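These notes concern the structure reproduced below.
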Amino acid sequence: MKTIIRVAKTELRTLFFSPIAWFLIIIFLVQCAIVYISALDMLAREQENSGKILMSVTSFLFIGRTGLFGSVMQNLYLYMPLLTMGLISRETSSGTIKLLHSSPIEIREIVLGKFLSMMIYSFLLVLVIGGFVLSGYFHVVSADMGMLFSGMLGFFLLLCAYSAIGIFMSSLTNYQIVAAICTFVMFGVLSKIGDLWQDIAFVRNLTYFLSISGRTGSMLGGLITSKDVIYFAAIVFMFLGFTIYRMMAAMESVPFVVRTGRYLLVFVCTLAIGYISSIPSLIGYYDATADQSRTLAVSAQKILKEMDEPLEVTAYNNLMSGLFSLGEPKSYNTNIQRWEPYLRFKHNITLNTVQYYDTSYENANFARYMGNKTLEEYAKQIADNRDVSFQVFKKPEEIRKIIDLKPELNRYVMQLKYKGRTTFLRVFDDNKRWPSETEVSAALKRLQGARMPKIIFLMGNLERDINKIGDRDYRALTNLKTFRNSLINQGFDVDTLALNAQDIPKDITALVLADPRVKLSGHEMDKLGQYIDEGGNILIAGEPGKQDMLNPLLSKLGVQLRKGILVQTSKELQQELVTSYLTPECATFFPPLAHAHHDSARVSMPNASAFSYADTGSFRIFPLLMTDPAVSWLKKGELVRDSAEVVFNAADGDERASFPTALGLSRKINQKEQRIVVLGDADFMSNAELNRFNLRSVNFMFSTGLFSWLNDGEFPIDSSRPPPKDINVTVTKERVKLLRIIYIWVLPGLLLAAAVIVLLRRKRK
Amino acid sequence: MENNIVRIEGLSHKYATKWAIRDINMVIGKTGIVGLLGSNGAGKSTTMNILCGALKQTEGNVYINGLNMKEDPARAKKEIGFLPQTPPLYMDLTVDEYLYYCAGLRLIPRSRMKSAVDEVKEQCGIAHFSKRLISNLSGGYRQRVGIAQAIVHRPKLVVLDEPTNGLDPNQIVQVRALIKEIAQERAVIFSSHVLTEVQLLCKEIKMIENGSIVFSDTIDAFNNYVEPHSLVLRLENPPAASVLEQIEGISKAEFLTERQVRLFFNGDQEVTERIVAASVQHGWKLRELNLDKSALDEIFKQLSNQS
C-alpha cells in the first residue's frame, strides 16, 4: 500500500507541476460556473417574473440536459484522456519504467498507484462540482441534496472508469497522443456497444452489460443501484487487469496463447461479475431523492408485495404492426429495463416475447399496402425490410391457436399471467407509449383477483354511447383500448344496461346516466329511484334544452338544472364554450386534480347548464365546478350561435353570477357513503372534448377524478408523486450578476494565479 | 550464503522469434568492477535488463546473492541498483524528490530515508543541486543522479549500462572516478562498447558477441588477447621496406604514406628498443612511434572464431 501511495504521490506531483492538471481544473471550473450561473439566472428571472417556478429547481439546476451534471457529463470524456495519456506511455518512452521494474515492487502496485493518482484527481473534480452543490444548498430552498450526492457519486465513478480505460490505453503505446486517441475511441466504443448485436440472444446481454451509457443517468436521477456501482468497479477491474497483464507482457516473452489467455480471463471474470450483479434478487437499490421519485409508488409496491408467486409477462409482437419495434428482438434489453422498477420489488417476473405476423387492424390502409400479395408474402417482404429473420415469426394460424389477439387489434400487447389468471397490459397511442405505474398496477390488481370497480352506462333512452367514436360519444373515456386514460385501462370494468329490460346488478360501483334524449319511463324512474334510495352511486349528466328529461329524477336529490344556457365571452372561442374552475373540494377527489387546481386549470364544457340546489335533504351537496362570473353568465333568452358576440341582456332574464356546473352529493346510508355527481353538461367527457387541442383543459383528469371519487379512490391507482418542494431560489437576478463575476471570473482567476505562481517557482528551480 | 553476488545459469532470451542471448553462464564476485564488453546489439543490455529484473528471461536462472530472480524477485531486486542506458529520470522532479521517490521504491524505511539520500548525494557530488529540477541539470549531473538512484539503497550489486555514453571527456573522467569509488564496497557490473574504458576500470571482463559469452576472465588475461602486433612509425627519412624488415623480430613492413610505415612483429616487446636504436644508427629521424592495438571489432571477430 505504501508503494501504491508513493507512486500516486509522484504521479500527482508530475501532474501538478505541469500545466495540464491546473489547466483542466480551471477549464472545468469555468464550464461548471457558466452552466450553473446561467441556469440560476434563468430561475431567478422566472421567479421574479411569475412569482413561482413550476418545477424542481434542483433538477433544473443540476440534473437536466442544461443542468450542471447534465452538460458537464456531455464533455467529460474530453478531460480524462489528456490526463491519462502519459501515465504509462511516458514511463516507457523515457525509460523510467526500468526503474520501476528493477525495484522490489509489483507491477500491480505501479498500476494501482497510477490509478489512485487519477482517483484523487477525479476527486478534485468532484470537489469542484461539490462547490456548486454547496452553492445549490444555499441558493435553492429545500434543495434535494440526496439526489445531488447520488449524482456526485455517479460522476466520480464515471471518472474512475474513464481513468482505468485511459491507463490501459497508455500502456499500449509509447506515444501519448496515440494513447489519448485510443482512449477517446474506447469511450466511444463503450458508449455505443450497448446497441450492438441486440438481436442475438447471448451476445446482447454481454454487450448491454458492457455499455457505459445510461449508467450514470440513473445515479444522476438519484437512484443508486449495486448493479451500476459494481459495473463501474468491474470496468475498473477489467482495464486495470488488462494494464497489469500488458505491462507483464512487455517485459517477458511468453507465448501468444498465454498472453491472450490472461486477457480473456480478466474479461470473463468481468462478465461473470456483471452477470451476477445483474440478477434481480441480488441488486440493491438506494433511492436518494427526497420524494422517492425513482421508486415505485407505495401503492404499486404494496400490490407487488402481495404477489408471492411468479408473474409471467408474455408480449405478443406483430411483425405487421406499426408498433413492431417495441417488441423486436433487439429491444429485448430495453424492455427488461422498463420492468426494472417492478423487478426491484418482485424478482420472479419472467419476460417473454412471442413474435408473429397477422393482419394489422390498427392500420386503416393495411389492405391497400398489402395489394394483391398474400399475407405471408407481405410479411416476408416486411421481415426482409426490417432485417429480421422470417423464421422467428409464428404464422397467423399458429398464433390464433395460442391466443385471440384480434380484439387487441393484433398490435403489441403484453399478457400478464399470475396464478392461472391472465389480463392484458397494453401500450398506448401517446407520447409515453408504455403503460405507467397506474396502468400496470391496475393490471396487477386484476390478476390478484381483486374486485374491479364496475361502471354501468345506461342505454335505451338515446343516451351517450360508450362504443361509438363520434364526437359526442364516450368511447375514449370508457373503452378505447389504445387510449391510456380509458377506464378499462385504469382498472375499471365498463358495461351498458337498458333499464327497461334489465335490472341493475348489485355489485356495481356506479351508474352513469348521460344526456338521455327521451324522458325516462315510470318503470325506469322507479328502478333508478330504488337504486339511489338503497345507496347506489350514480353520475348524471344533463344538457341545456333537455333539462326536463332529468329534473324529475334530480328533484329527488334536491338539485335542479336551471333553464337557459351558460355562455362565456371569448375573443377566440365559441360563446357557448364555458370553462369552469375546479373547487377546492373537487381538488381532493384525485391527487392529480390537486395539481390541476393549484395551476388554476379549467374544464371545458360546450353547452352547459347551471344548477340550483337546496342543501336541505339527506345529501350534503357541494359544487365541483364553478363558472367565472367575470366572463360568463346564464343566458335565458335564445342563444344565436353565429359569429356575433353574445350580449348580456337583463331584460331577457340573463343572470350573471358564479354558477355551479357540477355538484357532488354524498350521504351516509346503509353503513356506507353514497356518492352522486351531477353535471350540467354531458359533452365534457365526450370523445371530441377529451381531444380538445385549442384550449388547455383538464377534462380527462376531472372525469377520471369523478370516477375515482365514485369508487372511493381505489382506482385509478394513484402513482403520482407529491409536488416538488424545491421550487424557489433564494437569489435575485441582481445577486446572480454578482455571483457570475465571482464564479466565472474571480474564482478561476485566483486558481490561475495560484497555478502560475506554483509553476513559475517550480520552473526556476 | 554463496561467495558470489551473481550467478547466471543457462540464460537465454528471445524477442518475438529471434534469440537475443543464448545460454549465458557467468558468476560475479562480491566486490570489484566487472566489465561487460560487446559491440552494439550484442546482447549486453538484454543481459543487464534480465539481471535487474526489468526483463523476464525466456530460459535459465539468475541468482542474486543466492536468491532466484524468477522465484523471489522482490527480495532479489532489493540487492540491485540499476542504471539503464538512458537514465530513468523524472525530468519534472527535483533531485531530492526523485531520490526520495527512488528510496521509497527500494523500500528504504522512512526513518532511514533522509540519511540514505543525503549520503548518496554527497557521494555523487550532487548535494548542492538538491532543490534543482532534473530537467535543469547538465548531462553529467543527470548521469550522477542516475547513479545516485542506483546506489541509494546501498545494494550489493550495481548494474550500470553504458554509464559514460554521451558524456564529454571531462564528465567521463568524473563518472569513472565515481564508479571506482562505488565499487569499493560492492560489485559493479558495467557495460561498454569502448575497450579502453573497460581496460581502465575493470578487474574482470566478460565479452558478449552475438548473444553469447565469448570471453570471461581477468583484465590481465584479456590484455594478452589485445597485445599489439604492429607498430606505426613516422620517419622523416625512411629507408626501404626491405631494410626495415631486417630488424630482428619484424616480420613485415608496409608503407602507409610516404613517411608512415606499419611494422608487424611477433609480440616481442623489445622490438621497440631495436627500432629506436636502428633509427638513431641510420639517421631515419624517428618522429613518432605508436603501438597499434588490435581494433575492438578485430578482437570480437577473433574471439568469436575461437569460441
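Chain labels follow the order of the C-alpha cells: the first chain is A, the next B, and so on; residue numbering restarts at 1 in every chain, and ligands are counted from 1 in their shown order.
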*Counting only C-alpha atoms, which residues of chain B come no farther than 8 Å from chain A, as a ChimeraX atom specification?*
/B:13-16,52-58,73-78,80-84,86-90,92-94,101,104-107,131-133,136
Selection export as a CSV table (one decimal), in the first residue's frame, atoms kept: N, CA and C atoms:
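What ended up in result.csv:
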```csv
chain,number,residue,atom,x,y,z
B,13,HIS,N,17.3,-15.5,-23.9
B,13,HIS,CA,16.1,-14.7,-24.1
B,13,HIS,C,15.8,-14.4,-25.6
B,14,LYS,N,14.5,-14.5,-25.8
B,14,LYS,CA,14.0,-14.4,-27.2
B,14,LYS,C,13.1,-13.2,-27.3
B,15,TYR,N,13.4,-12.3,-28.3
B,15,TYR,CA,12.4,-11.3,-28.6
B,15,TYR,C,11.6,-11.8,-29.8
B,16,ALA,N,10.3,-11.9,-29.6
B,16,ALA,CA,9.5,-12.5,-30.7
B,16,ALA,C,10.1,-13.8,-31.1
B,52,CYS,N,18.6,-7.4,-13.8
B,52,CYS,CA,18.0,-6.4,-12.8
B,52,CYS,C,16.5,-6.6,-12.7
B,53,GLY,N,15.9,-7.6,-13.4
B,53,GLY,CA,14.5,-7.9,-13.3
B,53,GLY,C,13.6,-7.0,-14.1
B,54,ALA,N,14.2,-6.2,-15.0
B,54,ALA,CA,13.4,-5.3,-15.9
B,54,ALA,C,12.9,-6.1,-17.1
B,55,LEU,N,13.4,-7.3,-17.2
B,55,LEU,CA,13.0,-8.1,-18.3
B,55,LEU,C,13.0,-9.6,-17.8
B,56,LYS,N,12.0,-10.4,-18.2
B,56,LYS,CA,12.0,-11.7,-17.7
B,56,LYS,C,12.5,-12.7,-18.8
B,57,GLN,N,13.5,-13.5,-18.4
B,57,GLN,CA,14.2,-14.3,-19.4
B,57,GLN,C,13.2,-15.4,-19.9
B,58,THR,N,13.6,-15.9,-21.1
B,58,THR,CA,12.8,-17.0,-21.7
B,58,THR,C,13.2,-18.3,-21.0
B,73,PRO,N,11.5,-12.4,-6.8
B,73,PRO,CA,12.0,-11.1,-7.4
B,73,PRO,C,12.1,-10.0,-6.4
B,74,ALA,N,11.1,-9.9,-5.5
B,74,ALA,CA,11.1,-8.7,-4.7
B,74,ALA,C,12.4,-8.7,-3.8
B,75,ARG,N,12.7,-9.8,-3.2
B,75,ARG,CA,13.9,-9.8,-2.3
B,75,ARG,C,15.2,-9.7,-3.2
B,76,ALA,N,15.2,-10.3,-4.3
B,76,ALA,CA,16.4,-10.3,-5.1
B,76,ALA,C,16.6,-8.8,-5.6
B,77,LYS,N,15.6,-8.2,-6.0
B,77,LYS,CA,15.7,-6.8,-6.5
B,77,LYS,C,16.2,-5.8,-5.5
B,78,LYS,N,15.9,-6.1,-4.2
B,78,LYS,CA,16.4,-5.3,-3.1
B,78,LYS,C,17.9,-5.1,-3.1
B,80,ILE,N,19.8,-5.0,-5.7
B,80,ILE,CA,20.3,-4.5,-7.0
B,80,ILE,C,20.1,-3.0,-7.2
B,81,GLY,N,21.0,-2.3,-7.7
B,81,GLY,CA,20.8,-0.9,-8.2
B,81,GLY,C,21.1,-0.9,-9.7
B,82,PHE,N,20.2,-0.3,-10.4
B,82,PHE,CA,20.3,-0.4,-11.9
B,82,PHE,C,20.3,1.0,-12.5
B,83,LEU,N,21.3,1.2,-13.4
B,83,LEU,CA,21.2,2.4,-14.2
B,83,LEU,C,21.1,2.0,-15.7
B,84,PRO,N,20.0,2.1,-16.2
B,84,PRO,CA,19.8,1.6,-17.6
B,84,PRO,C,20.6,2.6,-18.6
B,86,THR,N,19.5,4.7,-20.8
B,86,THR,CA,19.0,6.0,-20.6
B,86,THR,C,18.7,6.2,-19.2
B,87,PRO,N,19.3,7.1,-18.5
B,87,PRO,CA,19.0,7.2,-17.0
B,87,PRO,C,17.5,7.4,-16.8
B,88,PRO,N,16.9,6.6,-15.9
B,88,PRO,CA,15.4,6.7,-15.7
B,88,PRO,C,15.1,7.8,-14.8
B,89,LEU,N,15.1,9.0,-15.4
B,89,LEU,CA,14.9,10.2,-14.6
B,89,LEU,C,13.5,10.8,-14.9
B,90,TYR,N,12.9,11.4,-13.8
B,90,TYR,CA,11.7,12.1,-14.0
B,90,TYR,C,12.1,13.6,-14.1
B,92,ASP,N,10.6,16.3,-14.4
B,92,ASP,CA,9.8,17.3,-13.7
B,92,ASP,C,10.0,17.3,-12.2
B,93,LEU,N,10.8,16.4,-11.7
B,93,LEU,CA,11.0,16.4,-10.3
B,93,LEU,C,12.4,17.0,-9.9
B,94,THR,N,12.5,17.4,-8.7
B,94,THR,CA,13.8,17.9,-8.2
B,94,THR,C,14.6,16.7,-7.8
B,101,TYR,N,11.8,9.4,-3.9
B,101,TYR,CA,10.9,8.5,-4.6
B,101,TYR,C,11.6,7.2,-4.8
B,104,GLY,N,12.1,5.3,-1.8
B,104,GLY,CA,10.8,4.6,-1.4
B,104,GLY,C,10.5,3.4,-2.2
B,105,LEU,N,10.8,3.5,-3.5
B,105,LEU,CA,10.6,2.3,-4.4
B,105,LEU,C,11.5,1.2,-4.0
B,106,ARG,N,12.7,1.5,-3.4
B,106,ARG,CA,13.6,0.4,-3.0
B,106,ARG,C,13.3,0.0,-1.5
B,107,LEU,N,12.2,0.5,-1.0
B,107,LEU,CA,11.7,0.1,0.3
B,107,LEU,C,12.6,0.4,1.4
B,131,LYS,N,17.7,20.9,-4.7
B,131,LYS,CA,16.4,21.5,-5.0
B,131,LYS,C,16.3,21.8,-6.5
B,132,ARG,N,17.3,21.4,-7.2
B,132,ARG,CA,17.3,21.7,-8.6
B,132,ARG,C,16.4,20.7,-9.4
B,133,LEU,N,15.6,21.2,-10.4
B,133,LEU,CA,14.8,20.3,-11.2
B,133,LEU,C,15.8,19.5,-12.1
B,136,ASN,N,16.7,20.8,-15.4
B,136,ASN,CA,17.7,21.9,-15.4
B,136,ASN,C,19.1,21.5,-15.2
```
_Long-range neighbours of Ser163 in chain A as JSON, numbers by chain, 9 Å cut-off, only C-alpha atoms, 6 positions minimum in chain_ = {"A": [80, 81, 83, 84, 115, 118, 119, 122, 236]}
*Can you list, as a list in words, every protein, DNA or RNA residue that comes within 6 Å of range 606-617 of chain A when you count only C-alpha atoms, leaving out same-chain residues fewer than 2 positions away?*
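Everything that qualifies: Pro544, Gly558, Val559, Gln560, Leu561, Arg562, Ile565, Leu566, Glu576, Leu577, Phe619, Ile621, Phe659, Pro660, Thr661, Gly680 and Asp681 of chain A.
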Using N, CA and C atoms, can you write the selected residues to a file as a PDB file, in the first residue's frame?
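Output saved as result.pdb:
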```pdb
ATOM      1  N   PRO A 544     -78.321  21.587 -21.648  1.00  0.00           N
ATOM      2  CA  PRO A 544     -79.314  22.640 -21.773  1.00  0.00           C
ATOM      3  C   PRO A 544     -80.323  22.276 -22.862  1.00  0.00           C
ATOM      4  N   GLY A 558     -82.686  16.994  -4.527  1.00  0.00           N
ATOM      5  CA  GLY A 558     -82.625  18.383  -4.072  1.00  0.00           C
ATOM      6  C   GLY A 558     -81.855  19.262  -5.032  1.00  0.00           C
ATOM      7  N   VAL A 559     -81.760  18.843  -6.280  1.00  0.00           N
ATOM      8  CA  VAL A 559     -80.971  19.576  -7.265  1.00  0.00           C
ATOM      9  C   VAL A 559     -81.834  19.817  -8.485  1.00  0.00           C
ATOM     10  N   GLN A 560     -81.626  20.939  -9.153  1.00  0.00           N
ATOM     11  CA  GLN A 560     -82.381  21.219 -10.385  1.00  0.00           C
ATOM     12  C   GLN A 560     -81.455  21.821 -11.428  1.00  0.00           C
ATOM     13  N   LEU A 561     -81.649  21.392 -12.682  1.00  0.00           N
ATOM     14  CA  LEU A 561     -80.970  22.055 -13.790  1.00  0.00           C
ATOM     15  C   LEU A 561     -81.755  23.306 -14.113  1.00  0.00           C
ATOM     16  N   ARG A 562     -81.072  24.417 -14.196  1.00  0.00           N
ATOM     17  CA  ARG A 562     -81.791  25.676 -14.414  1.00  0.00           C
ATOM     18  C   ARG A 562     -82.060  25.881 -15.893  1.00  0.00           C
ATOM     19  N   ILE A 565     -78.902  28.647 -20.875  1.00  0.00           N
ATOM     20  CA  ILE A 565     -77.610  28.044 -21.231  1.00  0.00           C
ATOM     21  C   ILE A 565     -76.492  28.973 -20.756  1.00  0.00           C
ATOM     22  N   LEU A 566     -75.433  28.384 -20.296  1.00  0.00           N
ATOM     23  CA  LEU A 566     -74.305  29.213 -19.855  1.00  0.00           C
ATOM     24  C   LEU A 566     -73.507  29.658 -21.072  1.00  0.00           C
ATOM     25  N   GLU A 576     -70.631  29.533 -26.478  1.00  0.00           N
ATOM     26  CA  GLU A 576     -71.283  28.566 -25.598  1.00  0.00           C
ATOM     27  C   GLU A 576     -70.275  27.616 -24.936  1.00  0.00           C
ATOM     28  N   LEU A 577     -68.988  27.881 -25.170  1.00  0.00           N
ATOM     29  CA  LEU A 577     -67.979  27.051 -24.503  1.00  0.00           C
ATOM     30  C   LEU A 577     -67.615  27.697 -23.170  1.00  0.00           C
ATOM     31  N   PHE A 619     -78.762  14.692   1.636  1.00  0.00           N
ATOM     32  CA  PHE A 619     -77.445  14.773   0.991  1.00  0.00           C
ATOM     33  C   PHE A 619     -76.698  16.038   1.385  1.00  0.00           C
ATOM     34  N   ILE A 621     -74.543  18.628  -0.256  1.00  0.00           N
ATOM     35  CA  ILE A 621     -74.343  18.990  -1.659  1.00  0.00           C
ATOM     36  C   ILE A 621     -73.240  20.036  -1.742  1.00  0.00           C
ATOM     37  N   PHE A 659     -71.889  30.251 -11.295  1.00  0.00           N
ATOM     38  CA  PHE A 659     -72.838  29.140 -11.222  1.00  0.00           C
ATOM     39  C   PHE A 659     -72.106  27.815 -11.092  1.00  0.00           C
ATOM     40  N   PRO A 660     -72.697  26.911 -10.315  1.00  0.00           N
ATOM     41  CA  PRO A 660     -72.112  25.561 -10.326  1.00  0.00           C
ATOM     42  C   PRO A 660     -72.501  24.812 -11.591  1.00  0.00           C
ATOM     43  N   THR A 661     -71.558  24.178 -12.223  1.00  0.00           N
ATOM     44  CA  THR A 661     -71.871  23.349 -13.396  1.00  0.00           C
ATOM     45  C   THR A 661     -71.715  21.870 -13.074  1.00  0.00           C
ATOM     46  N   GLY A 680     -74.030  19.661 -15.400  1.00  0.00           N
ATOM     47  CA  GLY A 680     -74.896  20.395 -16.320  1.00  0.00           C
ATOM     48  C   GLY A 680     -74.445  20.259 -17.758  1.00  0.00           C
ATOM     49  N   ASP A 681     -73.531  19.331 -17.988  1.00  0.00           N
ATOM     50  CA  ASP A 681     -73.024  19.156 -19.344  1.00  0.00           C
ATOM     51  C   ASP A 681     -72.605  17.708 -19.497  1.00  0.00           C
TER      52      ASP A 681
END
```
*Could you write out, as a ChimeraX atom specification, all the residues of range 293-432 of chain A that DSSP marks as helix (DSSP H, G or I)?*
/A:298-306,324-327,329-343,366-370,375-385,390-392,396-402,406-408
*asked:* If we count only C-alpha atoms and set the cut-off at 9 Å, which residues sit around Arg154 in chain B, ignoring sequence neighbours fewer than 2 positions away in its own chain? Please answer as a PyMOL selection string.
replied: chain B and resi 79-81+116+120+150-152+156-158+186
Selected residues, C-alpha atoms, written as a compact mmCIF listing (two decimals), in the first residue's frame, please.
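Printed below is part-v5.txt as written:
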```txt
# COMPACT_ATOMS: atom_id res chain seq x y z
CA GLU B 79 20.05 -6.16 -3.64
CA ILE B 80 20.31 -4.47 -7.01
CA GLY B 81 20.81 -0.94 -8.20
CA ALA B 116 20.39 7.45 2.79
CA VAL B 120 24.25 9.29 -1.73
CA ALA B 150 21.13 3.08 -8.31
CA ILE B 151 23.03 3.13 -5.04
CA VAL B 152 20.62 4.96 -2.76
CA LYS B 156 25.20 -5.34 -3.02
CA LEU B 157 25.21 -5.19 -6.80
CA VAL B 158 25.16 -2.13 -9.05
CA ARG B 186 30.16 -3.74 -3.68
```
_To test your reading of the structure, identify every residue in range 1-204 of chain B that backbone DSSP assigns to strand (DSSP E), and report it as a ChimeraX atom specification._
/B:4-15,18-29,32-38,59-64,67-68,80-83,157-161,187-192,204
Could you save those same residues with C-alpha atoms as a compact mmCIF listing (two decimals), in the first residue's frame?
```
# COMPACT_ATOMS: atom_id res chain seq x y z
CA ASN B 4 29.25 -14.75 -5.48
CA ILE B 5 26.76 -11.96 -5.80
CA VAL B 6 25.56 -13.04 -9.21
CA ARG B 7 25.21 -16.47 -10.68
CA ILE B 8 23.69 -16.80 -14.12
CA GLU B 9 22.84 -20.23 -15.42
CA GLY B 10 21.87 -21.05 -18.98
CA LEU B 11 20.31 -17.68 -19.58
CA SER B 12 18.54 -17.24 -22.91
CA HIS B 13 16.10 -14.65 -24.10
CA LYS B 14 14.03 -14.41 -27.18
CA TYR B 15 12.38 -11.26 -28.58
CA LYS B 18 14.87 -14.01 -32.51
CA TRP B 19 17.21 -15.07 -29.74
CA ALA B 20 18.91 -12.02 -28.27
CA ILE B 21 21.08 -14.01 -25.93
CA ARG B 22 21.67 -17.72 -25.83
CA ASP B 23 22.86 -19.89 -22.97
CA ILE B 24 24.83 -17.37 -20.97
CA ASN B 25 26.55 -18.58 -17.83
CA MET B 26 28.52 -16.36 -15.53
CA VAL B 27 29.47 -15.77 -11.97
CA ILE B 28 30.35 -12.43 -10.43
CA GLY B 29 32.16 -11.91 -7.15
CA GLY B 32 35.14 -5.01 -7.81
CA ILE B 33 34.11 -3.91 -11.24
CA VAL B 34 33.15 -6.36 -13.93
CA GLY B 35 33.11 -5.04 -17.45
CA LEU B 36 30.60 -6.30 -19.89
CA LEU B 37 32.01 -5.66 -23.27
CA GLY B 38 30.33 -6.08 -26.56
CA GLU B 59 15.06 -19.62 -20.21
CA GLY B 60 17.65 -20.02 -17.49
CA ASN B 61 18.12 -18.71 -13.99
CA VAL B 62 19.57 -15.63 -12.40
CA TYR B 63 20.60 -15.77 -8.76
CA ILE B 64 21.30 -12.56 -6.93
CA LEU B 67 18.05 -15.59 -4.47
CA ASN B 68 16.41 -16.75 -7.66
CA ILE B 80 20.31 -4.47 -7.01
CA GLY B 81 20.81 -0.94 -8.20
CA PHE B 82 20.34 -0.39 -11.88
CA LEU B 83 21.22 2.44 -14.19
CA LEU B 157 25.21 -5.19 -6.80
CA VAL B 158 25.16 -2.13 -9.05
CA VAL B 159 24.50 -2.55 -12.72
CA LEU B 160 25.46 0.30 -15.00
CA ASP B 161 24.53 0.10 -18.65
CA ALA B 187 30.14 -5.44 -7.02
CA VAL B 188 29.64 -3.26 -10.07
CA ILE B 189 28.76 -4.58 -13.46
CA PHE B 190 29.44 -2.08 -16.09
CA SER B 191 28.85 -2.33 -19.78
CA SER B 192 30.55 -0.50 -22.57
CA GLU B 204 37.32 -8.69 -14.70
```
*Any idea what's packed within 9 Å of Gln415 in chain A, counting only C-alpha atoms, ignoring anything in its chain fewer than 3 positions away? Could you give it as an MDAnalysis selection string?*
chainID A and resid 312:316 422:426
_Please report the interatomic distance between CA of Pro163 in chain B and CA of Ser39 in chain B in Å with one decimal._
15.2 Å
*asked:* I want to know what sits within 12 Å of Val640 in chain A, based on only C-alpha atoms, with residues of the same chain fewer than 3 positions away left out; could you give that as a PyMOL selection string?
replied: chain A and resi 565+567+574-576+635-637+643-647
_Distance criterion (only C-alpha atoms): nearest to Asn49 in chain B out of B:Gly211, B:Gln85, B:Gln260, B:Thr17_ =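 Comparing B:Gly211, B:Gln85, B:Gln260, B:Thr17 against Asn49 in chain B, the winner is B:Gln85.
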*Name the closest residue to Pro239 in chain B among the candidates B:Ile182, B:Ala278, B:Cys202, B:Asp268; distances are taken between atoms, counting only C-alpha atoms.*
B:Ala278
_Which residue is closest to Gly249 in chain B? Choose from B:Arg274, B:Glu181, B:Val232, B:Arg262 and count only C-alpha atoms._
B:Arg274
*asked:* To one decimal place in Å, what is the distance between CA of Thr359 in chain A and CA of Ile403 in chain A?
replied: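 These atoms are spaced 14.4 Å apart.
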*What does the distance from CA of Ile540 in chain A to CA of Asp465 in chain A come to in Å, to one decimal?*
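Here the two named atoms are 14.2 Å from each other.
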*Between A:Ala233, A:Ile129, A:Leu520, A:Ala8, single out the one closest to Tyr36 in chain A, counting only C-alpha atoms.*
A:Ile129
